[in-house]
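Enquirer: Next up, start_21.cif (mmCIF, N, CA, C and O atoms).
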data_my_file
#
loop_
_atom_site.label_atom_id
_atom_site.label_comp_id
_atom_site.auth_asym_id
_atom_site.auth_seq_id
_atom_site.Cartn_x
_atom_site.Cartn_y
_atom_site.Cartn_z
N MET A 1 -35.88 -163.20 201.89
CA MET A 1 -36.38 -162.61 200.67
C MET A 1 -37.89 -162.84 200.54
O MET A 1 -38.60 -161.97 200.09
N LYS A 2 -38.33 -164.03 200.95
CA LYS A 2 -39.75 -164.34 200.87
C LYS A 2 -40.55 -163.38 201.75
O LYS A 2 -41.65 -162.97 201.40
N ASN A 3 -40.00 -163.02 202.90
CA ASN A 3 -40.65 -162.09 203.82
C ASN A 3 -40.81 -160.71 203.19
O ASN A 3 -41.82 -160.05 203.37
N LEU A 4 -39.80 -160.25 202.44
CA LEU A 4 -39.87 -158.95 201.77
C LEU A 4 -40.96 -158.95 200.70
O LEU A 4 -41.68 -157.97 200.52
N THR A 5 -41.09 -160.04 199.97
CA THR A 5 -42.13 -160.16 198.96
C THR A 5 -43.51 -160.09 199.60
O THR A 5 -44.41 -159.43 199.10
N SER A 6 -43.67 -160.76 200.71
CA SER A 6 -44.95 -160.74 201.44
C SER A 6 -45.28 -159.34 201.92
O SER A 6 -46.42 -158.88 201.81
N ILE A 7 -44.29 -158.64 202.45
CA ILE A 7 -44.50 -157.27 202.93
C ILE A 7 -44.85 -156.36 201.75
O ILE A 7 -45.76 -155.54 201.83
N GLY A 8 -44.14 -156.52 200.63
CA GLY A 8 -44.41 -155.70 199.44
C GLY A 8 -45.83 -155.93 198.93
O GLY A 8 -46.54 -154.99 198.58
N SER A 9 -46.26 -157.19 198.89
CA SER A 9 -47.62 -157.51 198.45
C SER A 9 -48.67 -156.90 199.38
O SER A 9 -49.68 -156.36 198.94
N THR A 10 -48.40 -156.95 200.66
CA THR A 10 -49.32 -156.37 201.64
C THR A 10 -49.43 -154.87 201.46
O THR A 10 -50.52 -154.31 201.51
N LEU A 11 -48.31 -154.20 201.23
CA LEU A 11 -48.33 -152.75 201.03
C LEU A 11 -49.08 -152.36 199.77
O LEU A 11 -49.83 -151.38 199.75
N ILE A 12 -48.90 -153.12 198.70
CA ILE A 12 -49.61 -152.84 197.45
C ILE A 12 -51.11 -153.00 197.65
O ILE A 12 -51.89 -152.16 197.21
N CYS A 13 -51.52 -154.05 198.32
CA CYS A 13 -52.95 -154.27 198.59
C CYS A 13 -53.52 -153.16 199.45
O CYS A 13 -54.61 -152.66 199.20
N ALA A 14 -52.78 -152.76 200.47
CA ALA A 14 -53.25 -151.69 201.35
C ALA A 14 -53.40 -150.38 200.59
O ALA A 14 -54.37 -149.63 200.77
N ALA A 15 -52.45 -150.08 199.71
CA ALA A 15 -52.52 -148.85 198.91
C ALA A 15 -53.71 -148.89 197.95
O ALA A 15 -54.40 -147.89 197.75
N ALA A 16 -53.97 -150.03 197.37
CA ALA A 16 -55.10 -150.17 196.45
C ALA A 16 -56.42 -149.97 197.18
O ALA A 16 -57.32 -149.28 196.69
N ILE A 17 -56.54 -150.55 198.35
CA ILE A 17 -57.78 -150.41 199.13
C ILE A 17 -57.95 -148.96 199.60
O ILE A 17 -59.03 -148.40 199.53
N ALA A 18 -56.88 -148.34 200.04
CA ALA A 18 -56.95 -146.94 200.49
C ALA A 18 -57.36 -146.03 199.34
O ALA A 18 -58.08 -145.06 199.54
N GLY A 19 -56.93 -146.34 198.14
CA GLY A 19 -57.29 -145.54 196.97
C GLY A 19 -58.77 -145.64 196.64
O GLY A 19 -59.30 -144.81 195.90
N CYS A 20 -59.46 -146.62 197.17
CA CYS A 20 -60.87 -146.81 196.88
C CYS A 20 -61.77 -146.11 197.89
O CYS A 20 -62.99 -146.17 197.78
N ALA A 21 -61.20 -145.47 198.88
CA ALA A 21 -62.01 -144.79 199.89
C ALA A 21 -62.79 -143.66 199.24
O ALA A 21 -62.29 -142.97 198.38
N SER A 22 -64.03 -143.50 199.66
CA SER A 22 -64.87 -142.45 199.12
C SER A 22 -64.35 -141.08 199.53
O SER A 22 -63.79 -140.91 200.60
N LYS A 23 -64.56 -140.11 198.64
CA LYS A 23 -64.18 -138.74 198.94
C LYS A 23 -65.13 -138.21 200.01
O LYS A 23 -66.33 -138.48 199.97
N PRO A 24 -64.64 -137.43 200.94
CA PRO A 24 -65.54 -136.85 201.95
C PRO A 24 -66.44 -135.81 201.29
O PRO A 24 -66.05 -135.15 200.32
N ILE A 25 -67.66 -135.68 201.81
CA ILE A 25 -68.58 -134.69 201.27
C ILE A 25 -68.74 -133.55 202.26
O ILE A 25 -68.44 -133.70 203.44
N SER A 26 -69.24 -132.44 201.77
CA SER A 26 -69.41 -131.26 202.63
C SER A 26 -70.52 -131.50 203.64
O SER A 26 -71.36 -132.39 203.48
N ALA A 27 -70.52 -130.69 204.68
CA ALA A 27 -71.55 -130.82 205.73
C ALA A 27 -72.94 -130.58 205.15
O ALA A 27 -73.90 -131.26 205.52
N GLY A 28 -73.05 -129.62 204.23
CA GLY A 28 -74.35 -129.35 203.61
C GLY A 28 -74.86 -130.52 202.78
O GLY A 28 -76.03 -130.89 202.84
N ALA A 29 -73.96 -131.11 202.00
CA ALA A 29 -74.33 -132.25 201.17
C ALA A 29 -74.70 -133.47 202.02
O ALA A 29 -75.56 -134.26 201.65
N ALA A 30 -74.06 -133.60 203.17
CA ALA A 30 -74.36 -134.72 204.07
C ALA A 30 -75.79 -134.66 204.59
O ALA A 30 -76.36 -135.68 204.95
N ARG A 31 -76.37 -133.47 204.61
CA ARG A 31 -77.75 -133.31 205.09
C ARG A 31 -78.80 -133.55 204.01
O ARG A 31 -79.99 -133.56 204.29
N VAL A 32 -78.36 -133.74 202.75
CA VAL A 32 -79.30 -134.00 201.66
C VAL A 32 -79.91 -135.39 201.85
O VAL A 32 -79.19 -136.37 202.00
N GLN A 33 -81.24 -135.43 201.85
CA GLN A 33 -81.94 -136.70 202.00
C GLN A 33 -81.97 -137.42 200.66
O GLN A 33 -82.23 -136.81 199.63
N VAL A 34 -81.71 -138.72 200.69
CA VAL A 34 -81.69 -139.53 199.48
C VAL A 34 -82.91 -140.43 199.47
O VAL A 34 -83.18 -141.15 200.43
N HIS A 35 -83.63 -140.39 198.35
CA HIS A 35 -84.81 -141.26 198.15
C HIS A 35 -84.47 -142.24 197.03
O HIS A 35 -83.86 -141.86 196.03
N LYS A 36 -84.89 -143.48 197.19
CA LYS A 36 -84.59 -144.51 196.19
C LYS A 36 -85.43 -144.37 194.93
O LYS A 36 -85.14 -145.00 193.92
N GLN A 37 -86.45 -143.56 195.00
CA GLN A 37 -87.33 -143.34 193.85
C GLN A 37 -88.14 -142.07 194.08
O GLN A 37 -88.17 -141.54 195.18
N VAL A 38 -88.78 -141.58 193.02
CA VAL A 38 -89.68 -140.45 193.18
C VAL A 38 -90.94 -141.00 193.85
O VAL A 38 -91.52 -141.97 193.38
N SER A 39 -91.32 -140.41 194.96
CA SER A 39 -92.47 -140.92 195.71
C SER A 39 -93.37 -139.78 196.16
O SER A 39 -93.06 -138.60 195.96
N THR A 40 -94.46 -140.13 196.81
CA THR A 40 -95.40 -139.13 197.31
C THR A 40 -94.77 -138.26 198.39
O THR A 40 -95.26 -137.17 198.65
N LEU A 41 -93.69 -138.71 199.00
CA LEU A 41 -92.98 -137.89 199.99
C LEU A 41 -92.42 -136.61 199.37
O LEU A 41 -92.17 -135.63 200.06
N LEU A 42 -92.23 -136.62 198.06
CA LEU A 42 -91.67 -135.47 197.36
C LEU A 42 -92.74 -134.63 196.66
O LEU A 42 -92.42 -133.65 195.98
N ALA A 43 -94.00 -134.99 196.83
CA ALA A 43 -95.09 -134.33 196.12
C ALA A 43 -95.19 -132.83 196.39
O ALA A 43 -95.52 -132.06 195.49
N ASP A 44 -94.90 -132.40 197.61
CA ASP A 44 -95.00 -130.99 197.95
C ASP A 44 -93.67 -130.24 197.82
O ASP A 44 -93.55 -129.10 198.23
N CYS A 45 -92.67 -130.89 197.24
CA CYS A 45 -91.34 -130.30 197.09
C CYS A 45 -91.22 -129.60 195.73
O CYS A 45 -91.91 -129.94 194.78
N ARG A 46 -90.30 -128.65 195.69
CA ARG A 46 -90.02 -127.95 194.43
C ARG A 46 -88.95 -128.72 193.67
O ARG A 46 -87.84 -128.96 194.18
N LYS A 47 -89.26 -129.12 192.46
CA LYS A 47 -88.32 -129.86 191.61
C LYS A 47 -87.30 -128.88 191.04
O LYS A 47 -87.66 -127.89 190.41
N LEU A 48 -86.01 -129.14 191.28
CA LEU A 48 -84.95 -128.24 190.85
C LEU A 48 -84.31 -128.65 189.53
O LEU A 48 -83.85 -127.81 188.78
N GLY A 49 -84.23 -129.94 189.27
CA GLY A 49 -83.64 -130.40 188.02
C GLY A 49 -82.80 -131.65 188.18
O GLY A 49 -82.64 -132.18 189.28
N PRO A 50 -82.24 -132.11 187.06
CA PRO A 50 -81.45 -133.35 187.08
C PRO A 50 -80.06 -133.15 187.69
O PRO A 50 -79.47 -132.08 187.57
N VAL A 51 -79.57 -134.20 188.33
CA VAL A 51 -78.23 -134.23 188.90
C VAL A 51 -77.61 -135.59 188.60
O VAL A 51 -78.32 -136.57 188.39
N THR A 52 -76.28 -135.63 188.56
CA THR A 52 -75.57 -136.89 188.29
C THR A 52 -74.41 -137.05 189.25
O THR A 52 -73.91 -136.07 189.81
N GLY A 53 -73.97 -138.27 189.41
CA GLY A 53 -72.79 -138.58 190.20
C GLY A 53 -72.12 -139.81 189.65
O GLY A 53 -72.79 -140.73 189.18
N THR A 54 -70.80 -139.83 189.68
CA THR A 54 -70.03 -140.96 189.15
C THR A 54 -68.96 -141.35 190.16
O THR A 54 -68.29 -140.49 190.73
N GLY A 55 -68.81 -142.64 190.36
CA GLY A 55 -67.74 -143.17 191.20
C GLY A 55 -66.91 -144.16 190.40
O GLY A 55 -67.45 -144.96 189.64
N SER A 56 -65.61 -144.08 190.54
CA SER A 56 -64.74 -144.95 189.76
C SER A 56 -64.29 -146.17 190.55
O SER A 56 -64.17 -146.13 191.76
N LYS A 57 -64.09 -147.24 189.81
CA LYS A 57 -63.57 -148.49 190.37
C LYS A 57 -62.21 -148.73 189.73
O LYS A 57 -62.12 -149.32 188.67
N PRO A 58 -61.12 -148.24 190.36
CA PRO A 58 -59.81 -148.29 189.72
C PRO A 58 -59.32 -149.67 189.35
O PRO A 58 -58.61 -149.83 188.39
N LEU A 59 -59.69 -150.67 190.09
CA LEU A 59 -59.22 -152.02 189.78
C LEU A 59 -60.32 -152.86 189.15
O LEU A 59 -60.29 -154.08 189.21
N GLY A 60 -61.31 -152.22 188.56
CA GLY A 60 -62.37 -152.95 187.89
C GLY A 60 -63.15 -153.83 188.84
O GLY A 60 -63.47 -153.43 189.95
N ASN A 61 -63.44 -155.03 188.42
CA ASN A 61 -64.25 -155.95 189.21
C ASN A 61 -63.52 -156.53 190.41
O ASN A 61 -64.13 -157.22 191.22
N ALA A 62 -62.22 -156.26 190.56
CA ALA A 62 -61.48 -156.79 191.70
C ALA A 62 -61.88 -156.10 193.00
O ALA A 62 -61.68 -156.64 194.07
N ILE A 63 -62.45 -154.90 192.90
CA ILE A 63 -62.86 -154.15 194.08
C ILE A 63 -64.38 -154.09 194.12
O ILE A 63 -65.01 -153.82 193.11
N PRO A 64 -65.00 -154.34 195.27
CA PRO A 64 -66.46 -154.25 195.35
C PRO A 64 -66.94 -152.86 194.95
O PRO A 64 -66.25 -151.86 195.16
N SER A 65 -68.14 -152.79 194.39
CA SER A 65 -68.66 -151.53 193.88
C SER A 65 -69.20 -150.61 194.97
O SER A 65 -69.58 -149.49 194.69
N SER A 66 -69.22 -151.04 196.23
CA SER A 66 -69.79 -150.20 197.29
C SER A 66 -69.03 -148.89 197.43
O SER A 66 -69.63 -147.84 197.64
N GLY A 67 -67.72 -148.89 197.31
CA GLY A 67 -66.95 -147.65 197.39
C GLY A 67 -67.26 -146.73 196.23
O GLY A 67 -67.44 -145.53 196.41
N ALA A 68 -67.37 -147.28 195.04
CA ALA A 68 -67.71 -146.49 193.85
C ALA A 68 -69.14 -145.96 193.97
O ALA A 68 -69.41 -144.82 193.60
N PHE A 69 -70.04 -146.78 194.49
CA PHE A 69 -71.43 -146.34 194.68
C PHE A 69 -71.49 -145.18 195.67
O PHE A 69 -72.17 -144.18 195.43
N ASN A 70 -70.78 -145.30 196.78
CA ASN A 70 -70.77 -144.23 197.78
C ASN A 70 -70.16 -142.94 197.22
O ASN A 70 -70.63 -141.85 197.55
N GLU A 71 -69.15 -143.07 196.39
CA GLU A 71 -68.55 -141.90 195.75
C GLU A 71 -69.56 -141.24 194.81
O GLU A 71 -69.72 -140.01 194.81
N ALA A 72 -70.27 -142.05 194.02
CA ALA A 72 -71.29 -141.52 193.11
C ALA A 72 -72.42 -140.86 193.89
O ALA A 72 -72.92 -139.79 193.52
N LEU A 73 -72.82 -141.48 194.98
CA LEU A 73 -73.88 -140.92 195.82
C LEU A 73 -73.43 -139.60 196.45
O LEU A 73 -74.21 -138.64 196.53
N GLY A 74 -72.18 -139.51 196.85
CA GLY A 74 -71.64 -138.27 197.39
C GLY A 74 -71.68 -137.15 196.35
O GLY A 74 -72.07 -136.02 196.65
N GLU A 75 -71.31 -137.47 195.11
CA GLU A 75 -71.37 -136.47 194.04
C GLU A 75 -72.81 -136.05 193.76
O GLU A 75 -73.08 -134.88 193.50
N LEU A 76 -73.74 -137.00 193.83
CA LEU A 76 -75.16 -136.69 193.63
C LEU A 76 -75.66 -135.73 194.71
O LEU A 76 -76.36 -134.76 194.42
N ARG A 77 -75.25 -135.99 195.95
CA ARG A 77 -75.64 -135.11 197.06
C ARG A 77 -75.01 -133.73 196.92
O ARG A 77 -75.66 -132.72 197.17
N GLU A 78 -73.74 -133.68 196.53
CA GLU A 78 -73.05 -132.39 196.34
C GLU A 78 -73.74 -131.58 195.23
O GLU A 78 -73.94 -130.37 195.37
N ALA A 79 -74.10 -132.25 194.13
CA ALA A 79 -74.77 -131.55 193.02
C ALA A 79 -76.13 -131.03 193.47
O ALA A 79 -76.52 -129.92 193.10
N THR A 80 -76.84 -131.79 194.28
CA THR A 80 -78.14 -131.36 194.80
C THR A 80 -77.96 -130.16 195.71
O THR A 80 -78.68 -129.16 195.60
N TYR A 81 -76.99 -130.22 196.59
CA TYR A 81 -76.72 -129.12 197.52
C TYR A 81 -76.30 -127.85 196.76
O TYR A 81 -76.69 -126.75 197.13
N ALA A 82 -75.52 -128.01 195.69
CA ALA A 82 -75.10 -126.87 194.88
C ALA A 82 -76.29 -126.17 194.23
O ALA A 82 -76.23 -124.97 193.96
N MET A 83 -77.37 -126.90 194.00
CA MET A 83 -78.59 -126.31 193.43
C MET A 83 -79.53 -125.80 194.53
O MET A 83 -80.67 -125.49 194.27
N GLN A 84 -79.02 -125.77 195.76
CA GLN A 84 -79.78 -125.36 196.94
C GLN A 84 -80.92 -126.34 197.24
O GLN A 84 -81.95 -125.97 197.79
N GLY A 85 -80.69 -127.61 196.91
CA GLY A 85 -81.66 -128.66 197.20
C GLY A 85 -81.35 -129.32 198.53
O GLY A 85 -80.24 -129.21 199.06
N ASP A 86 -82.36 -130.00 199.05
CA ASP A 86 -82.18 -130.72 200.31
C ASP A 86 -82.60 -132.18 200.21
O ASP A 86 -82.51 -132.93 201.17
N SER A 87 -83.07 -132.58 199.03
CA SER A 87 -83.49 -133.96 198.80
C SER A 87 -83.16 -134.35 197.37
O SER A 87 -83.18 -133.50 196.47
N VAL A 88 -82.89 -135.61 197.16
CA VAL A 88 -82.63 -136.11 195.82
C VAL A 88 -83.28 -137.48 195.67
O VAL A 88 -83.24 -138.30 196.58
N ALA A 89 -83.90 -137.70 194.52
CA ALA A 89 -84.47 -139.01 194.19
C ALA A 89 -83.60 -139.66 193.12
O ALA A 89 -83.37 -139.06 192.06
N VAL A 90 -83.09 -140.83 193.40
CA VAL A 90 -82.28 -141.57 192.43
C VAL A 90 -83.24 -142.21 191.44
O VAL A 90 -84.14 -142.96 191.82
N ILE A 91 -83.05 -141.89 190.16
CA ILE A 91 -83.96 -142.43 189.15
C ILE A 91 -83.31 -143.46 188.23
O ILE A 91 -83.99 -144.20 187.54
N ASN A 92 -81.97 -143.50 188.26
CA ASN A 92 -81.28 -144.47 187.41
C ASN A 92 -79.89 -144.73 187.97
O ASN A 92 -79.25 -143.82 188.48
N SER A 93 -79.46 -145.97 187.89
CA SER A 93 -78.08 -146.30 188.25
C SER A 93 -77.53 -147.29 187.23
O SER A 93 -78.25 -148.15 186.74
N GLN A 94 -76.27 -147.08 186.89
CA GLN A 94 -75.60 -147.97 185.94
C GLN A 94 -74.23 -148.32 186.49
O GLN A 94 -73.55 -147.47 187.07
N GLU A 95 -73.84 -149.57 186.28
CA GLU A 95 -72.53 -150.01 186.75
C GLU A 95 -71.80 -150.70 185.61
O GLU A 95 -72.36 -151.55 184.92
N SER A 96 -70.56 -150.29 185.40
CA SER A 96 -69.71 -150.95 184.42
C SER A 96 -68.50 -151.51 185.15
O SER A 96 -68.42 -151.43 186.37
N VAL A 97 -67.56 -152.04 184.41
CA VAL A 97 -66.36 -152.60 185.01
C VAL A 97 -65.56 -151.53 185.74
O VAL A 97 -64.97 -151.78 186.78
N SER A 98 -65.60 -150.29 185.23
CA SER A 98 -64.74 -149.25 185.79
C SER A 98 -65.46 -148.16 186.57
O SER A 98 -64.80 -147.33 187.20
N LYS A 99 -66.81 -148.10 186.54
CA LYS A 99 -67.48 -147.01 187.25
C LYS A 99 -68.93 -147.32 187.60
O LYS A 99 -69.53 -148.24 187.07
N VAL A 100 -69.44 -146.51 188.51
CA VAL A 100 -70.85 -146.52 188.87
C VAL A 100 -71.39 -145.12 188.60
O VAL A 100 -70.76 -144.14 188.99
N SER A 101 -72.50 -145.04 187.88
CA SER A 101 -73.11 -143.74 187.57
C SER A 101 -74.52 -143.70 188.12
O SER A 101 -75.27 -144.67 188.00
N LEU A 102 -74.87 -142.58 188.73
CA LEU A 102 -76.22 -142.37 189.27
C LEU A 102 -76.81 -141.12 188.65
O LEU A 102 -76.12 -140.11 188.47
N GLN A 103 -78.08 -141.18 188.31
CA GLN A 103 -78.82 -140.02 187.85
C GLN A 103 -79.96 -139.80 188.83
O GLN A 103 -80.56 -140.76 189.33
N GLY A 104 -80.25 -138.54 189.11
CA GLY A 104 -81.31 -138.24 190.04
C GLY A 104 -81.98 -136.93 189.73
O GLY A 104 -81.62 -136.22 188.78
N ILE A 105 -82.97 -136.61 190.54
CA ILE A 105 -83.67 -135.34 190.45
C ILE A 105 -83.53 -134.64 191.80
O ILE A 105 -83.84 -135.23 192.83
N ALA A 106 -83.06 -133.40 191.74
CA ALA A 106 -82.88 -132.60 192.96
C ALA A 106 -84.18 -131.90 193.32
O ALA A 106 -84.90 -131.44 192.44
N TYR A 107 -84.45 -131.83 194.63
CA TYR A 107 -85.67 -131.18 195.13
C TYR A 107 -85.32 -130.26 196.30
O TYR A 107 -84.34 -130.48 197.00
N ARG A 108 -86.17 -129.26 196.50
CA ARG A 108 -86.11 -128.42 197.71
C ARG A 108 -87.43 -128.64 198.42
O ARG A 108 -88.48 -128.26 197.93
N CYS A 109 -87.35 -129.25 199.60
CA CYS A 109 -88.55 -129.62 200.36
C CYS A 109 -88.74 -128.77 201.61
O CYS A 109 -89.86 -128.63 202.10
N PHE A 110 -87.67 -128.25 202.18
CA PHE A 110 -87.76 -127.56 203.46
C PHE A 110 -87.35 -126.11 203.34
O PHE A 110 -86.58 -125.71 202.56
#
Would you kindly transcribe this structure into structure tokens?
Expert:
Amino acid sequence: MKNLTSIGSTLICAAAIAGCASKPISAGAARVQVHKQVSTLLADCRKLGPVTGTGSKPLGNAIPSSGAFNEALGELREATYAMQGDSVAVINSQESVSKVSLQGIAYRCF
């Protein structure tokens, strides 16, 4: 019986971790360049507008925020690509117990 409990616990943990995997992004969004701030590298680019991305942390603080951050970053890239942008500057990030939110500015540089 103890062995079954151990197997059940392992399966629950594996399912929880698998649920935290980031959503795949499109090929176009994968090519969007991410900048940690607005810099002179973006000076000759056309500013398209604000974009946002949110990643959820289903188990709160029990799961590292890297998966939620990557999910939010993927959404930020997708939003930039949807505006026909090729670069995004992250201007704000917020993290709570249940989510990570990123705000950025989309640019077209190329």
Enquirer: What is the distance, in Å and to one decimal place, between CA of Lys23 (chain A) and CA of His35 (chain A)?
Expert: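 Separation between CA of Lys23 (chain A) and CA of His35 (chain A): 20.8 Å.
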Enquirer: How many Å separate atom C of Val32 (chain A) from atom N of Val100 (chain A)?
Expert: 20.3 Å
Enquirer: Just the residues within 10 Å of region 69-83 of chain A, please, counting only C-alpha atoms, with nothing from its chain fewer than 6 positions along; format it as number ranges by chain.
Expert: A: 20-34, 48-57, 89-90, 93-95, 99-108
Enquirer: If I take atom N of Lys47 (chain A) and atom N of Ala68 (chain A), how far is one from the other in Å, to one decimal?
Expert: 28.6 Å
Enquirer: Running DSSP on the backbone, which parts of region 30-84 of chain A land in alpha helix (DSSP H), as JSON, numbers by chain?
Expert: {"A": [30, 66, 67, 68, 69, 70, 71, 72, 73, 74, 75, 76, 77, 78, 79, 80, 81, 82]}
